[in-house]
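Before any comments, here is the structure.
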Amino acid sequence: SRSASSFPHPCVDTARSNEENADINWDDLGFGLVPTDYMYVMRCSRDDNFSSGVLTRYGNIELSPSAGVLNYGQGLFEGLKAYRKQDGGGFLLFRPEENARRMQMGAERMCMPSLSVEQFIHAVKETVLANKRWVPPQGKGSLYIRPLLIGIGPVLGLAPAPDYMFLIYAAPVGTYFKEGLAPINLVIDDKIPRATPGGTGDVKTITNYAPVLKAQTQAKAKGFTDVIYVDSINKKYLEEASSCNLFIVKGDVISTPATTKGTILHGVTRKSIIEIAIDCGYRVEERLVSLVDLLDADEVFCTGTAVVVAPVDSITYQDQRYKYKTGTETVTQKLYNILTAIQMGLVEDRKNWTVEI
Ligand code: COI
C-alpha cells in the first residue's frame with residue numbers, strides 16, 4: 001500500500017521496487033503532486049553534522065508546533081529532475097551539483113547547517129532509485145525531485161532552530177504551465193515586488209514564494225499564466241516571474257537580468273541556457289533589462305527546472321498587450337531543443353552536465 005506511514009519508518013531493504021512502471025496515465029502528467037513510494041530523510045542536531053540518511057515510506061512528517069520552519073520560515077527547497085533514458089538505459093540527473101551548491105549557499109544565508117555536495121547527490125540518487133517506477137517513460141515527462149532543508153527544532157524567541165531535517169521527495173511531472181508546451185501569457189505587476197536588493201531573492205528560501213501568491217492569484221483570475229515582477233525601487237527593470245527566470249531576444253542578442261543585486265534566483269536552467277546560447281554564437285548579456293527592452297523584444301522566454309524553457313506569447317503591461325514571436329523558427333525553440341536533448345540523453349553530453357544513475 002502507498003498510504004502514509006507513521007514517521008520515521010526506515011525500509012531500506014524494500015525500497016527498490018522491481019516493477020518497471022507505475023500504473024498511471026503518463027499522458028496526463030502536469031505539475032500536480034502524484035505521491036511516490038519513498039522519501040529520503042536525514043537529520044542534524046545542534047552539535048552534529050548531517051551524517052546518515054534513510055529511505056522511508058513517503059508520508060506525513062511530525063513536527064513540533066514551535067519548529068523553526070513553521071514559526072519563522074527557516075527553510076530552503078530545491079528542484080531538479082531525473083529523466084528516463086531510452087531503451088531501459090537508466091536515468092539521468094541534470095547538474096545536481098549545482099542544486100547542492102545552491103542549497104549550501106542558501107543554508108549559509110539562513111543560518112542552517114548544510115550537507116556536502118556528495119551527500120546531496122547520493123541522497124538524490126537513492127531517492128530516484130527507490131522511486132524508479134515513477135520516472136515517466138521517455139518523452140512523457142520526468143521525475144521532479146524536491147529536496148527540503150528545514151529547521152525542525154523548537155524555538156520561541158527568534159533564533160536559528162537547534163535541529164534540522166534534510167528531506168527529499170519526488171513526483172512524476174509533465175509540463176509546468178497549464179498551456180503545456182504552448183506559449184504563455186504573462187502580466188507585469190509593478191505593485192507587489194518579489195524581492196528587494198540585499199534581501200533573499202537570490203536564495204531558494206521557502207519565504208520567497210508565499211509572498212507572490214497574491215499577485216499570482218490576481219493574475220490567474222484575469223486569465224494570465226503568471227506574473228512578471230519588476231525591481232522594487234525604480235519599478236522599471238525586469239526581475240523574474242513567480243516560478244522562473246526571464247530572457248529576452250532582440251536580433252542576435254539574448255539578455256537576462258543580472259544576479260548582482262541579490263534579487264534574481266541563480267537558476268540552474270538560466271545558467272545552462274546562457275552557456276548554450278553563447279555556444280550557438282549569440283551574444284548574451286546579463287544586465288539591467290528595462291521594461292522598454294522587454295516590451296520591444298522579438299522573443300521572450302522563461303527558464304526554470306520546473307518550467308524548462310517556456311515561450312511567451314504576450315505580456316500585458318498597464319492594460320496594453322504586447323505580442324512576441326513564437327513557433328518552431330525561434331531562438332527560444334532552438335535553445336529548448338538543445339537543452340532538452342542533453343537532459344534526456346539524446347545527444348552527446350559534451351559538457352558533462354548529466355549524471356547517470
Ligand atoms: C523549480 O523550477 O524547480 C522551482 O523550484 C520552482 C517552483 C516554484 C516549482
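Naming works like this for the C-alpha cells: A, B, ... for the chains as they're shown, residue 1 at the start of each chain, ligands 1 onward in shown order.
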
Taking only C-alpha atoms and all ligand atoms and a cut-off of 6 Å, can you tell me which residues surround ligand 1, written as a ChimeraX atom specification? /A:78-80,243,304-307

Shell around region 41-49 of chain A at 10 Å using only C-alpha atoms, local window under 3 positions removed, as an MDAnalysis selection string: chainID A and resid 8 10 38 52:56 112:116 123 127 147:153 160:169

Could the residues of region 205-301 of chain A that have an atom at most 12 Å from region 63-71 of chain A be listed as CSV, each with its closest atom pair and the distance in Å to one decimal, counting only C-alpha atoms and ordered by chain and ascending residue number?
```
residue,atom,partner,partner_atom,distance
A:Thr205,CA,A:Val69,CA,10.6
A:Ile206,CA,A:Val69,CA,9.1
A:Thr207,CA,A:Val69,CA,9.8
```

Any chance you can output those residues with N, CA and C atoms as a PDB file, in the first residue's frame?
```pdb
ATOM      1  N   THR A 205      14.919  30.192  -0.632  1.00  0.00           N
ATOM      2  CA  THR A 205      14.240  30.025   0.648  1.00  0.00           C
ATOM      3  C   THR A 205      12.732  29.935   0.409  1.00  0.00           C
ATOM      4  N   ILE A 206      12.092  29.139   1.229  1.00  0.00           N
ATOM      5  CA  ILE A 206      10.631  28.976   1.094  1.00  0.00           C
ATOM      6  C   ILE A 206       9.918  30.310   1.280  1.00  0.00           C
ATOM      7  N   THR A 207      10.592  31.249   1.969  1.00  0.00           N
ATOM      8  CA  THR A 207       9.936  32.527   2.265  1.00  0.00           C
ATOM      9  C   THR A 207       9.861  33.459   1.058  1.00  0.00           C
TER      10      THR A 207
END
```

Would you mind listing what lies within 10 Å of Leu181 (chain A) as JSON, numbers by chain, with only C-alpha atoms counted and same-chain residues fewer than 5 positions away left out? {"A": [174, 175, 176, 307, 308, 309, 310, 311]}

Suppose you want the space between CA of Ile184 (chain A) and CA of Asp226 (chain A); what is it in Å?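 These two atoms are separated by 8.2 Å.
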
Which residue, A:Val253, A:Ala241, A:Leu143, A:Ala100, has the smallest gap to Asp189 (chain A) when you use only C-alpha atoms?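 With only C-alpha atoms as the atom set, the closest residue is A:Ala241.
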
Residue list (alpha helix (DSSP H), DSSP) for region 169-325 of chain A, as a ChimeraX atom specification: /A:213-221,268-279,291-295

Write out, as a CSV table (one decimal), in the first residue's frame, the residues just selected, with C-alpha atoms.
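Below is the file that was written, part31.csv:
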```csv
chain,number,residue,atom,x,y,z
A,213,LEU,CA,0.8,34.1,-4.2
A,214,LYS,CA,-1.3,37.2,-4.1
A,215,ALA,CA,0.0,38.6,-7.3
A,216,GLN,CA,-0.2,35.2,-8.9
A,217,THR,CA,-3.8,34.6,-7.8
A,218,GLN,CA,-4.9,38.0,-9.1
A,219,ALA,CA,-3.2,37.4,-12.4
A,220,LYS,CA,-4.7,33.9,-12.8
A,221,ALA,CA,-8.1,35.2,-12.1
A,268,VAL,CA,20.4,26.2,-13.0
A,269,THR,CA,18.4,26.3,-16.2
A,270,ARG,CA,19.2,30.1,-16.5
A,271,LYS,CA,22.9,29.3,-16.2
A,272,SER,CA,22.7,26.4,-18.7
A,273,ILE,CA,20.8,28.4,-21.3
A,274,ILE,CA,23.4,31.2,-21.1
A,275,GLU,CA,26.1,28.7,-21.9
A,276,ILE,CA,24.2,27.0,-24.7
A,277,ALA,CA,23.3,30.4,-26.2
A,278,ILE,CA,27.0,31.5,-26.2
A,279,ASP,CA,28.0,28.2,-27.8
A,291,LEU,CA,10.7,47.3,-19.3
A,292,VAL,CA,11.2,49.2,-22.6
A,293,ASP,CA,13.7,46.5,-23.7
A,294,LEU,CA,11.3,43.8,-22.6
A,295,LEU,CA,8.3,45.2,-24.4
```

Please provide the set of residues having any atom within 10 Å of Glu97 (chain A), restricted to only C-alpha atoms, with same-chain residues fewer than 6 positions apart removed, written as a ChimeraX atom specification. /A:103,116-118,120-121,268,353,355

So, with only C-alpha atoms as the atoms that count, which of A:Lys204, A:Gly199, A:Gln119, A:Tyr237 lies closest to Gly106 (chain A)? A:Lys204
